Amino acid sequence: MSELTVQYLVLERRDPARNMARYYVLTIEPTLFGDTALVREWGRLGQRGRRRLDLFAGPVQAVEALESWLARKARRGYVRRN
């Protein structure tokens, strides 16, 4: 059985002039059935957000999807939180 390391990225977008404070979390996790899931969570900072789970056959496809979402969010002004 191969071991999958969980990748976890937290992104933020803040603009006080527009009263905007948002977060976006991307995580790759194994499922109980042997698939790999890309979990996306987003919302306003300090409040409960939404969550979506996308299933992939393997970790390579999930990492490609994560990189695609990361590039998309970077274009929108999200930055990584330390």
# chains A, B, ... in the order shown; residues from 1 in each chain; ligands from 1

$ residues_around --residues "Asp15 in chain A" --least-positions-apart "6" --cutoff "10 Å" --atoms "only C-alpha atoms" --output "list in words"
Ala21, Arg22 and Gly77 of chain A

$ write_last_selection --atoms "N, CA, C and O atoms" --output "JSON list (two decimals), in the first residue's frame"
[["chain", "number", "residue", "atom", "x", "y", "z"],
["A", 21, "ALA", "N", -12.79, 39.79, 2.82],
["A", 21, "ALA", "CA", -11.85, 38.95, 3.56],
["A", 21, "ALA", "C", -12.29, 37.51, 3.32],
["A", 21, "ALA", "O", -13.20, 37.01, 3.96],
["A", 22, "ARG", "N", -11.64, 36.84, 2.38],
["A", 22, "ARG", "CA", -12.04, 35.50, 1.97],
["A", 22, "ARG", "C", -10.90, 34.51, 2.15],
["A", 22, "ARG", "O", -9.73, 34.89, 2.16],
["A", 77, "GLY", "N", -6.27, 37.01, -7.20],
["A", 77, "GLY", "CA", -5.72, 37.84, -6.13],
["A", 77, "GLY", "C", -5.52, 37.12, -4.81],
["A", 77, "GLY", "O", -5.14, 37.74, -3.82]]

$ residues_around --residues "Asn19 in chain A" --least-positions-apart "6" --cutoff "12 Å" --atoms "only C-alpha atoms" --output "list in words"
Arg13, Arg44 and Leu45 of chain A

$ closest_residue --among "A:Leu32, A:Leu66, A:Lys73, A:Thr27" --to "Arg51 in chain A" --atoms "only C-alpha atoms"
A:Thr27

$ select_by_dssp --residues "chain A" --states "alpha helix (DSSP H)" --output "JSON, numbers by chain"
{"A": [59, 60, 61, 62, 63, 64, 65, 66, 67, 68, 69, 70, 71, 72, 73, 74, 75]}

$ residues_around --residues "Arg52 in chain A" --least-positions-apart "5" --cutoff "10 Å" --atoms "only C-alpha atoms" --output "list of chain:residue names"
A:Leu26, A:Ala37, A:Leu38, A:Val39, A:Arg40, A:Glu41, A:Trp42

$ closest_residue --among "A:Val63, A:Phe56, A:Val10, A:Gly46" --to "Gly34 in chain A" --atoms "only C-alpha atoms"
A:Phe56

$ atom_distance --atom1 "CA of Ala57 in chain A" --atom2 "CA of Thr36 in chain A"
6.2 Å

$ residues_around --residues "Ala65 in chain A" --least-positions-apart "4" --cutoff "10 Å" --atoms "only C-alpha atoms" --output "MDAnalysis selection string"
chainID A and resid 28 38 54 56 59:61 69:71

$ residues_around --residues "Glu12 in chain A" --least-positions-apart "3" --cutoff "6 Å" --atoms "only C-alpha atoms" --output "PyMOL selection string"
chain A and resi 22-23+78-79

$ select_by_dssp --residues "chain A" --states "strand (DSSP E or B)" --output "JSON list (two decimals) with N, CA and C atoms, in the first residue's frame"
[["chain", "number", "residue", "atom", "x", "y", "z"],
["A", 7, "GLN", "N", -1.48, 17.11, 1.15],
["A", 7, "GLN", "CA", -1.06, 18.45, 0.77],
["A", 7, "GLN", "C", -2.17, 19.40, 1.17],
["A", 8, "TYR", "N", -1.81, 20.49, 1.83],
["A", 8, "TYR", "CA", -2.77, 21.40, 2.41],
["A", 8, "TYR", "C", -2.34, 22.83, 2.11],
["A", 9, "LEU", "N", -3.13, 23.57, 1.36],
["A", 9, "LEU", "CA", -2.81, 24.95, 1.02],
["A", 9, "LEU", "C", -3.93, 25.86, 1.51],
["A", 10, "VAL", "N", -3.55, 26.94, 2.18],
["A", 10, "VAL", "CA", -4.52, 27.93, 2.64],
["A", 10, "VAL", "C", -4.23, 29.23, 1.90],
["A", 11, "LEU", "N", -5.24, 29.74, 1.22],
["A", 11, "LEU", "CA", -5.12, 30.98, 0.46],
["A", 11, "LEU", "C", -6.05, 32.03, 1.07],
["A", 12, "GLU", "N", -5.66, 33.30, 0.99],
["A", 12, "GLU", "CA", -6.48, 34.39, 1.48],
["A", 12, "GLU", "C", -6.53, 35.51, 0.46],
["A", 13, "ARG", "N", -7.63, 36.24, 0.51],
["A", 13, "ARG", "CA", -7.78, 37.42, -0.32],
["A", 13, "ARG", "C", -8.43, 38.49, 0.54],
["A", 14, "ARG", "N", -7.72, 39.59, 0.73],
["A", 14, "ARG", "CA", -8.22, 40.68, 1.57],
["A", 14, "ARG", "C", -8.19, 41.98, 0.79],
["A", 15, "ASP", "N", -9.26, 42.76, 0.93],
["A", 15, "ASP", "CA", -9.34, 44.09, 0.35],
["A", 15, "ASP", "C", -10.22, 44.93, 1.27],
["A", 20, "MET", "N", -13.64, 43.01, 1.89],
["A", 20, "MET", "CA", -13.48, 41.64, 1.43],
["A", 20, "MET", "C", -12.41, 40.93, 2.27],
["A", 21, "ALA", "N", -12.79, 39.79, 2.82],
["A", 21, "ALA", "CA", -11.85, 38.95, 3.56],
["A", 21, "ALA", "C", -12.29, 37.51, 3.32],
["A", 22, "ARG", "N", -11.64, 36.84, 2.38],
["A", 22, "ARG", "CA", -12.04, 35.50, 1.97],
["A", 22, "ARG", "C", -10.90, 34.51, 2.15],
["A", 23, "TYR", "N", -11.26, 33.26, 2.24],
["A", 23, "TYR", "CA", -10.27, 32.19, 2.32],
["A", 23, "TYR", "C", -10.62, 31.09, 1.32],
["A", 24, "TYR", "N", -9.61, 30.31, 0.97],
["A", 24, "TYR", "CA", -9.78, 29.18, 0.06],
["A", 24, "TYR", "C", -8.77, 28.13, 0.49],
["A", 25, "VAL", "N", -9.23, 26.92, 0.77],
["A", 25, "VAL", "CA", -8.35, 25.84, 1.23],
["A", 25, "VAL", "C", -8.40, 24.71, 0.22],
["A", 26, "LEU", "N", -7.24, 24.22, -0.18],
["A", 26, "LEU", "CA", -7.12, 23.09, -1.11],
["A", 26, "LEU", "C", -6.38, 21.97, -0.39],
["A", 27, "THR", "N", -6.97, 20.77, -0.38],
["A", 27, "THR", "CA", -6.37, 19.62, 0.29],
["A", 27, "THR", "C", -6.51, 18.39, -0.59],
["A", 28, "ILE", "N", -5.47, 17.57, -0.64],
["A", 28, "ILE", "CA", -5.54, 16.28, -1.33],
["A", 28, "ILE", "C", -5.54, 15.21, -0.26],
["A", 29, "GLU", "N", -6.57, 14.35, -0.29],
["A", 29, "GLU", "CA", -6.72, 13.33, 0.73],
["A", 29, "GLU", "C", -7.09, 11.99, 0.10],
["A", 30, "PRO", "N", -6.64, 10.89, 0.69],
["A", 30, "PRO", "CA", -7.08, 9.58, 0.20],
["A", 30, "PRO", "C", -8.51, 9.30, 0.68],
["A", 36, "THR", "N", -8.45, 9.18, -4.81],
["A", 36, "THR", "CA", -7.84, 10.37, -4.24],
["A", 36, "THR", "C", -8.83, 11.51, -4.40],
["A", 37, "ALA", "N", -9.00, 12.31, -3.36],
["A", 37, "ALA", "CA", -9.97, 13.40, -3.38],
["A", 37, "ALA", "C", -9.26, 14.74, -3.28],
["A", 38, "LEU", "N", -9.74, 15.69, -4.08],
["A", 38, "LEU", "CA", -9.33, 17.08, -3.94],
["A", 38, "LEU", "C", -10.47, 17.77, -3.19],
["A", 39, "VAL", "N", -10.18, 18.21, -1.98],
["A", 39, "VAL", "CA", -11.18, 18.87, -1.15],
["A", 39, "VAL", "C", -10.94, 20.37, -1.23],
["A", 40, "ARG", "N", -12.01, 21.09, -1.59],
["A", 40, "ARG", "CA", -11.94, 22.55, -1.69],
["A", 40, "ARG", "C", -12.91, 23.15, -0.69],
["A", 41, "GLU", "N", -12.42, 24.08, 0.11],
["A", 41, "GLU", "CA", -13.25, 24.79, 1.07],
["A", 41, "GLU", "C", -13.05, 26.29, 0.85],
["A", 42, "TRP", "N", -14.15, 27.05, 0.90],
["A", 42, "TRP", "CA", -14.03, 28.48, 0.68],
["A", 42, "TRP", "C", -15.13, 29.22, 1.41],
["A", 43, "GLY", "N", -14.89, 30.52, 1.63],
["A", 43, "GLY", "CA", -15.88, 31.35, 2.29],
["A", 43, "GLY", "C", -15.26, 32.62, 2.82],
["A", 44, "ARG", "N", -16.04, 33.31, 3.64],
["A", 44, "ARG", "CA", -15.59, 34.55, 4.26],
["A", 44, "ARG", "C", -14.85, 34.20, 5.54],
["A", 50, "ARG", "N", -18.24, 26.92, 2.40],
["A", 50, "ARG", "CA", -18.70, 25.78, 1.62],
["A", 50, "ARG", "C", -17.56, 24.79, 1.45],
["A", 51, "ARG", "N", -17.95, 23.57, 1.08],
["A", 51, "ARG", "CA", -16.96, 22.50, 0.89],
["A", 51, "ARG", "C", -17.39, 21.65, -0.30],
["A", 52, "ARG", "N", -16.40, 21.30, -1.14],
["A", 52, "ARG", "CA", -16.67, 20.45, -2.29],
["A", 52, "ARG", "C", -15.57, 19.40, -2.38],
["A", 53, "LEU", "N", -15.97, 18.19, -2.75],
["A", 53, "LEU", "CA", -15.06, 17.06, -2.85],
["A", 53, "LEU", "C", -15.08, 16.57, -4.29],
["A", 54, "ASP", "N", -13.91, 16.56, -4.95],
["A", 54, "ASP", "CA", -13.78, 16.05, -6.32],
["A", 54, "ASP", "C", -12.92, 14.79, -6.27],
["A", 55, "LEU", "N", -13.43, 13.69, -6.82],
["A", 55, "LEU", "CA", -12.72, 12.41, -6.79],
["A", 55, "LEU", "C", -11.89, 12.21, -8.05],
["A", 56, "PHE", "N", -10.71, 11.60, -7.87],
["A", 56, "PHE", "CA", -9.81, 11.28, -8.97],
["A", 56, "PHE", "C", -9.30, 9.86, -8.80],
["A", 79, "VAL", "N", -3.53, 34.87, -2.14],
["A", 79, "VAL", "CA", -2.12, 34.61, -1.82],
["A", 79, "VAL", "C", -2.05, 33.55, -0.73],
["A", 80, "ARG", "N", -0.96, 32.82, -0.67],
["A", 80, "ARG", "CA", -0.77, 31.80, 0.35],
["A", 80, "ARG", "C", -0.62, 32.42, 1.72]]

$ atom_distance --atom1 "CA of Thr31 in chain A" --atom2 "CA of Ala62 in chain A"
12.2 Å
